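What follows is the content of structure-v7.pdb, which has PDB, C-alpha atoms, pLDDT in the B column:
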MODEL        1
ATOM      1  CA  MET A   2       2.559  -0.474 -16.766  1.00 34.00           C
ATOM      2  CA  LEU A   3       0.165   2.186 -15.485  1.00 36.00           C
ATOM      3  CA  LEU A   4       1.373   5.715 -15.026  1.00 34.00           C
ATOM      4  CA  GLN A   5      -0.494   8.704 -13.713  1.00 34.00           C
ATOM      5  CA  GLY A   6      -1.215  11.444 -16.246  1.00 38.00           C
ATOM      6  CA  GLN A   7      -0.223  15.081 -15.769  1.00 35.00           C
ATOM      7  CA  GLY A   8      -2.893  17.181 -14.047  1.00 36.00           C
ATOM      8  CA  GLY A   9      -5.142  14.232 -13.170  1.00 36.00           C
ATOM      9  CA  ILE A  10      -5.208  10.548 -12.515  1.00 34.00           C
ATOM     10  CA  ALA A  11      -6.254   9.483 -16.002  1.00 36.00           C
ATOM     11  CA  PRO A  12      -4.098   6.417 -16.687  1.00 37.00           C
ATOM     12  CA  TYR A  13      -2.302   5.496 -19.821  1.00 36.00           C
ATOM     13  CA  ILE A  14      -0.467   2.343 -20.776  1.00 38.00           C
ATOM     14  CA  LEU A  15       3.222   2.200 -21.570  1.00 40.00           C
ATOM     15  CA  LYS A  16       3.776  -0.059 -24.542  1.00 41.00           C
ATOM     16  CA  MET A  17       6.335  -2.738 -23.858  1.00 42.00           C
ATOM     17  CA  ASP A  18       7.526  -5.623 -25.947  1.00 45.00           C
ATOM     18  CA  PRO A  19       5.650  -8.856 -25.207  1.00 46.00           C
ATOM     19  CA  GLY A  20       7.964 -11.186 -23.390  1.00 47.00           C
ATOM     20  CA  ALA A  21       9.977  -8.313 -21.914  1.00 47.00           C
ATOM     21  CA  PRO A  22      10.608  -8.622 -18.195  1.00 49.00           C
ATOM     22  CA  ALA A  23       8.000  -7.051 -15.977  1.00 49.00           C
ATOM     23  CA  PRO A  24       9.090  -3.786 -14.335  1.00 52.00           C
ATOM     24  CA  GLY A  25      10.535  -4.434 -10.894  1.00 54.00           C
ATOM     25  CA  ASP A  26      10.777  -8.186 -11.470  1.00 54.00           C
ATOM     26  CA  PRO A  27      13.247  -9.023 -14.254  1.00 52.00           C
ATOM     27  CA  GLY A  28      12.445 -12.736 -14.172  1.00 52.00           C
ATOM     28  CA  ILE A  29       8.725 -12.506 -15.038  1.00 54.00           C
ATOM     29  CA  PRO A  30       7.837 -11.928 -18.724  1.00 49.00           C
ATOM     30  CA  LEU A  31       4.835  -9.789 -19.579  1.00 65.00           C
ATOM     31  CA  ILE A  32       1.806 -11.507 -21.068  1.00 77.00           C
ATOM     32  CA  PRO A  33       1.229 -10.523 -24.717  1.00 82.00           C
ATOM     33  CA  ILE A  34      -1.812  -8.234 -24.868  1.00 89.00           C
ATOM     34  CA  PRO A  35      -3.688  -8.197 -28.185  1.00 92.00           C
ATOM     35  CA  GLU A  36      -4.149  -4.794 -29.790  1.00 92.00           C
ATOM     36  CA  LEU A  37      -6.182  -3.810 -32.815  1.00 93.00           C
ATOM     37  CA  GLN A  38      -4.235  -2.015 -35.508  1.00 92.00           C
ATOM     38  CA  HIS A  39      -7.359   0.042 -36.253  1.00 93.00           C
ATOM     39  CA  PRO A  40      -9.806   0.654 -33.384  1.00 93.00           C
ATOM     40  CA  LEU A  41     -13.422  -0.338 -34.046  1.00 95.00           C
ATOM     41  CA  ILE A  42     -14.565   3.247 -33.487  1.00 96.00           C
ATOM     42  CA  PRO A  43     -12.696   6.565 -33.289  1.00 97.00           C
ATOM     43  CA  ASP A  44     -11.552   7.532 -29.794  1.00 96.00           C
ATOM     44  CA  GLU A  45     -13.637  10.723 -29.811  1.00 97.00           C
ATOM     45  CA  VAL A  46     -16.819   8.751 -30.551  1.00 98.00           C
ATOM     46  CA  ARG A  47     -15.920   6.134 -27.939  1.00 98.00           C
ATOM     47  CA  MET A  48     -15.308   8.775 -25.263  1.00 97.00           C
ATOM     48  CA  ARG A  49     -18.562  10.600 -26.071  1.00 97.00           C
ATOM     49  CA  GLU A  50     -20.567   7.355 -25.914  1.00 98.00           C
ATOM     50  CA  LEU A  51     -18.894   6.292 -22.670  1.00 98.00           C
ATOM     51  CA  GLU A  52     -19.603   9.691 -21.129  1.00 97.00           C
ATOM     52  CA  THR A  53     -23.278   9.536 -22.141  1.00 96.00           C
ATOM     53  CA  ARG A  54     -23.613   6.097 -20.571  1.00 96.00           C
ATOM     54  CA  LEU A  55     -21.725   7.153 -17.444  1.00 96.00           C
ATOM     55  CA  VAL A  56     -24.012  10.155 -16.897  1.00 92.00           C
ATOM     56  CA  ALA A  57     -27.102   7.947 -17.279  1.00 91.00           C
ATOM     57  CA  ASN A  58     -25.729   5.347 -14.847  1.00 90.00           C
ATOM     58  CA  SER A  59     -24.497   7.738 -12.182  1.00 88.00           C
ATOM     59  CA  ILE A  60     -27.630   9.780 -11.472  1.00 86.00           C
ATOM     60  CA  GLY A  61     -27.511  10.977  -7.885  1.00 85.00           C
ATOM     61  CA  MET A  62     -23.758  10.450  -7.618  1.00 88.00           C
ATOM     62  CA  ASP A  63     -21.431  13.386  -7.122  1.00 86.00           C
ATOM     63  CA  LEU A  64     -19.105  12.983 -10.105  1.00 90.00           C
ATOM     64  CA  THR A  65     -16.909  15.986 -10.745  1.00 92.00           C
ATOM     65  CA  PRO A  66     -15.818  16.722 -14.316  1.00 93.00           C
ATOM     66  CA  GLU A  67     -12.346  15.443 -13.386  1.00 95.00           C
ATOM     67  CA  LYS A  68     -13.718  12.156 -12.013  1.00 94.00           C
ATOM     68  CA  THR A  69     -15.861  11.770 -15.123  1.00 95.00           C
ATOM     69  CA  VAL A  70     -12.843  12.202 -17.414  1.00 96.00           C
ATOM     70  CA  ASP A  71     -10.762   9.790 -15.325  1.00 96.00           C
ATOM     71  CA  ILE A  72     -13.471   7.120 -15.386  1.00 97.00           C
ATOM     72  CA  ILE A  73     -14.264   7.320 -19.101  1.00 97.00           C
ATOM     73  CA  THR A  74     -10.550   7.393 -19.957  1.00 97.00           C
ATOM     74  CA  SER A  75     -10.040   4.188 -17.968  1.00 97.00           C
ATOM     75  CA  GLN A  76     -13.165   2.633 -19.499  1.00 98.00           C
ATOM     76  CA  ALA A  77     -11.945   3.475 -23.012  1.00 98.00           C
ATOM     77  CA  VAL A  78      -8.605   1.741 -22.446  1.00 97.00           C
ATOM     78  CA  ILE A  79     -10.273  -1.330 -20.929  1.00 98.00           C
ATOM     79  CA  GLU A  80     -12.848  -1.489 -23.728  1.00 98.00           C
ATOM     80  CA  LYS A  81     -10.195  -1.325 -26.458  1.00 97.00           C
ATOM     81  CA  LYS A  82      -8.157  -4.080 -24.777  1.00 97.00           C
ATOM     82  CA  VAL A  83     -11.200  -6.337 -24.392  1.00 97.00           C
ATOM     83  CA  GLU A  84     -12.289  -5.680 -27.996  1.00 97.00           C
ATOM     84  CA  ALA A  85      -8.833  -6.632 -29.239  1.00 97.00           C
ATOM     85  CA  ALA A  86      -8.839  -9.855 -27.201  1.00 96.00           C
ATOM     86  CA  LEU A  87     -12.322 -10.773 -28.455  1.00 97.00           C
ATOM     87  CA  VAL A  88     -11.282 -10.147 -32.078  1.00 97.00           C
ATOM     88  CA  ALA A  89      -8.143 -12.245 -31.508  1.00 96.00           C
ATOM     89  CA  ASP A  90     -10.428 -14.976 -30.117  1.00 95.00           C
ATOM     90  CA  GLY A  91     -12.413 -15.037 -33.362  1.00 96.00           C
ATOM     91  CA  PHE A  92     -15.345 -12.714 -32.703  1.00 96.00           C
ATOM     92  CA  ARG A  93     -16.321 -10.537 -35.658  1.00 97.00           C
ATOM     93  CA  PRO A  94     -15.480  -6.823 -35.272  1.00 97.00           C
ATOM     94  CA  ALA A  95     -18.799  -5.843 -36.903  1.00 97.00           C
ATOM     95  CA  THR A  96     -20.718  -7.819 -34.270  1.00 97.00           C
ATOM     96  CA  LEU A  97     -18.706  -6.275 -31.425  1.00 97.00           C
ATOM     97  CA  LEU A  98     -19.412  -2.839 -32.846  1.00 96.00           C
ATOM     98  CA  GLU A  99     -23.113  -3.583 -33.209  1.00 97.00           C
ATOM     99  CA  LYS A 100     -23.373  -4.945 -29.647  1.00 97.00           C
ATOM    100  CA  ARG A 101     -21.065  -2.412 -27.974  1.00 97.00           C
ATOM    101  CA  ASP A 102     -23.798  -1.035 -25.731  1.00 96.00           C
ATOM    102  CA  GLN A 103     -24.549  -4.516 -24.357  1.00 97.00           C
ATOM    103  CA  LEU A 104     -20.827  -5.214 -23.967  1.00 97.00           C
ATOM    104  CA  ARG A 105     -20.400  -2.014 -21.969  1.00 97.00           C
ATOM    105  CA  GLY A 106     -23.069  -3.146 -19.566  1.00 96.00           C
ATOM    106  CA  PHE A 107     -21.084  -6.282 -18.731  1.00 97.00           C
ATOM    107  CA  LEU A 108     -17.737  -4.476 -18.772  1.00 97.00           C
ATOM    108  CA  PHE A 109     -18.533  -1.398 -16.728  1.00 97.00           C
ATOM    109  CA  TYR A 110     -21.953  -1.677 -15.062  1.00 95.00           C
ATOM    110  CA  PRO A 111     -22.303  -5.244 -13.762  1.00 93.00           C
ATOM    111  CA  ARG A 112     -24.591  -4.082 -10.940  1.00 90.00           C
ATOM    112  CA  GLY A 113     -26.335  -1.377 -12.985  1.00 87.00           C
ATOM    113  CA  THR A 114     -24.246   1.492 -11.671  1.00 89.00           C
ATOM    114  CA  VAL A 115     -20.777   2.850 -12.261  1.00 92.00           C
ATOM    115  CA  LEU A 116     -17.848   1.191 -10.505  1.00 94.00           C
ATOM    116  CA  SER A 117     -15.222   3.233  -8.680  1.00 93.00           C
ATOM    117  CA  GLN A 118     -12.222   4.702 -10.485  1.00 95.00           C
ATOM    118  CA  LYS A 119     -10.038   2.551  -8.216  1.00 96.00           C
ATOM    119  CA  THR A 120     -11.786  -0.552  -9.564  1.00 97.00           C
ATOM    120  CA  TYR A 121     -11.155   0.504 -13.165  1.00 96.00           C
ATOM    121  CA  LEU A 122      -7.490   1.196 -12.337  1.00 97.00           C
ATOM    122  CA  ASP A 123      -7.260  -2.245 -10.718  1.00 97.00           C
ATOM    123  CA  HIS A 124      -8.643  -3.776 -13.928  1.00 97.00           C
ATOM    124  CA  LEU A 125      -5.993  -1.956 -15.953  1.00 96.00           C
ATOM    125  CA  LYS A 126      -3.253  -3.202 -13.628  1.00 95.00           C
ATOM    126  CA  SER A 127      -4.618  -6.731 -13.998  1.00 94.00           C
ATOM    127  CA  ILE A 128      -4.503  -6.428 -17.783  1.00 95.00           C
ATOM    128  CA  ASP A 129      -0.906  -5.165 -17.599  1.00 91.00           C
ATOM    129  CA  TRP A 130       0.285  -7.946 -15.317  1.00 91.00           C
ATOM    130  CA  HIS A 131      -1.862 -10.918 -16.284  1.00 93.00           C
ATOM    131  CA  GLY A 132      -3.195 -10.137 -19.766  1.00 94.00           C
ATOM    132  CA  THR A 133      -6.623  -9.073 -20.963  1.00 96.00           C
ATOM    133  CA  ARG A 134      -8.147 -12.546 -20.827  1.00 96.00           C
ATOM    134  CA  ALA A 135      -7.436 -12.786 -17.088  1.00 95.00           C
ATOM    135  CA  CYS A 136      -9.093  -9.480 -16.186  1.00 96.00           C
ATOM    136  CA  ILE A 137     -12.524  -9.360 -14.556  1.00 97.00           C
ATOM    137  CA  PRO A 138     -14.280  -7.341 -17.301  1.00 97.00           C
ATOM    138  CA  TYR A 139     -13.194  -9.798 -20.023  1.00 97.00           C
ATOM    139  CA  ARG A 140     -14.236 -12.759 -17.863  1.00 97.00           C
ATOM    140  CA  ARG A 141     -17.659 -11.138 -17.277  1.00 97.00           C
ATOM    141  CA  VAL A 142     -18.195 -10.922 -21.052  1.00 97.00           C
ATOM    142  CA  VAL A 143     -17.108 -14.526 -21.612  1.00 96.00           C
ATOM    143  CA  GLU A 144     -19.368 -15.697 -18.789  1.00 97.00           C
ATOM    144  CA  ALA A 145     -22.316 -13.745 -20.245  1.00 96.00           C
ATOM    145  CA  ILE A 146     -21.712 -15.451 -23.592  1.00 96.00           C
ATOM    146  CA  ARG A 147     -21.519 -18.841 -21.889  1.00 96.00           C
ATOM    147  CA  ARG A 148     -24.802 -18.207 -20.021  1.00 96.00           C
ATOM    148  CA  SER A 149     -26.479 -17.029 -23.261  1.00 96.00           C
ATOM    149  CA  GLU A 150     -26.992 -13.528 -21.866  1.00 96.00           C
ATOM    150  CA  LEU A 151     -24.914 -12.045 -24.676  1.00 95.00           C
ATOM    151  CA  PHE A 152     -24.843 -13.262 -28.257  1.00 94.00           C
ATOM    152  CA  LEU A 153     -21.753 -12.373 -30.267  1.00 90.00           C
TER     153      LEU A 153
ENDMDL
END
Would you encode the structure as C-alpha cells?
Amino acid sequence: MLLQGQGGIAPYILKMDPGAPAPGDPGIPLIPIPELQHPLIPDEVRMRELETRLVANSIGMDLTPEKTVDIITSQAVIEKKVEAALVADGFRPATLLEKRDQLRGFLFYPRGTVLSQKTYLDHLKSIDWHGTRACIPYRRVVEAIRRSELFL
C-alpha cells in the first residue's frame, strides 16, 4: 500500500503479510512480493547512483530538488523490488550488481529520458496490487533478456 511521506510525496511501502486481504477489498489477497533480506547495495550508495543517472538523463528538464528526491526514492523502491524478484527467479545477485547500470536503463529510462514521478508511483501501485513480476519495469527487463539485449 502506498502512502505519502511527510513533507513531500516520496512514497514508502507498508509491509503487509502475504495473503492478507487487500486494503479496501477484504476478499482479494495480496500477491507475495519477494524481498531480499540483505540489499545488493547500501541504500545510500543506491540513492547516490540513481541521482547521478537521473541528472545525466534529465538535462534541460526543470527538476527541483524535491522532485529529484521523490523520483530517486521511487526508483530505489522499484529497483529493490525488481532485484528481489530476479534473485527469486534464479538470477545471481553478483550478476545483477555488476549489470545494475544496464538494468536501470530498462527499468527507468526506456526511451532514454526520465519518466514522470506519476509513472513511477503507478509502477509502485502495480507492484503492491499485482506483484513485482506483473509490473512494467520488471516485464521490460524480462523482455530485454528474451530479446538478448540484456545478458544476466
Which residues of stretch 34-120 of chain A have any atom within 6 Å of an atom in stretch 129-152 of chain A when counting all atoms listed in the file, and what is the closest pair of atoms for each, with the distance in Å to one decimal? Order the rows by chain and rising number and write it as JSON lines.
{"residue": "A:Ile34", "atom": "CA", "partner": "A:Gly132", "partner_atom": "CA", "distance": 5.6}
{"residue": "A:Val83", "atom": "CA", "partner": "A:Tyr139", "partner_atom": "CA", "distance": 5.9}
{"residue": "A:Phe107", "atom": "CA", "partner": "A:Val142", "partner_atom": "CA", "distance": 5.9}
{"residue": "A:Leu108", "atom": "CA", "partner": "A:Pro138", "partner_atom": "CA", "distance": 4.7}
* Asked: Any idea what the distance is between atom CA of A:Ala89 and atom CA of A:Leu41?
  ->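 Result for atom CA of A:Ala89 versus atom CA of A:Leu41: 13.3 Å, one decimal.
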* To do: Given the file shown, determine the residues that the PyMOL selection byres ((chain A and resi 119-121) around 9) selects; report them as number ranges by chain.
  => A: 72, 75-76, 79, 109, 116-118, 122-126
* **One-decimal distance in Å that lies between atom CA of A:Arg54 and atom CA of A:Leu37** =>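 Distance between the two atoms: 23.5 Å.
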* Would you work out the distance separating atom CA of A:Ser127 from atom CA of A:Gly61, expressed in Å to one decimal? => 29.6 Å
* Asked: Care to translate the PyMOL selection byres ((chain A and resi 38) around 12) into actual residues of this file, as a list in words?
  -> Pro35, Glu36, Leu37, His39, Pro40, Leu41, Ile42, Lys81, Lys82, Glu84, Ala85, Val88 and Ala89 of chain A
Edge lengths and centre in Å, axis-aligned, stretch 71-89 of chain A plus 3 Å each side, as lines of an AutoDock Vina configuration file:
center_x = -11.2
center_y = -1.2
center_z = -23.7
size_x = 12.1
size_y = 28.0
size_z = 22.8
* To do: Report the residues retrieved by the PyMOL selection byres ((chain A and resi 96-102) around 8) from the displayed file, expressed as a list in words.
  =>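 Written out, the selection comes to Leu41, Ile42, Glu84, Phe92, Arg93, Pro94, Ala95, Gln103, Leu104, Arg105, Gly106 and Leu153 of chain A.
Distances to A:Gly113 were evaluated for A:Ile73, A:Val78, A:Ile128, A:Leu55 using all atoms listed in the file, and the minimum falls at A:Leu55.
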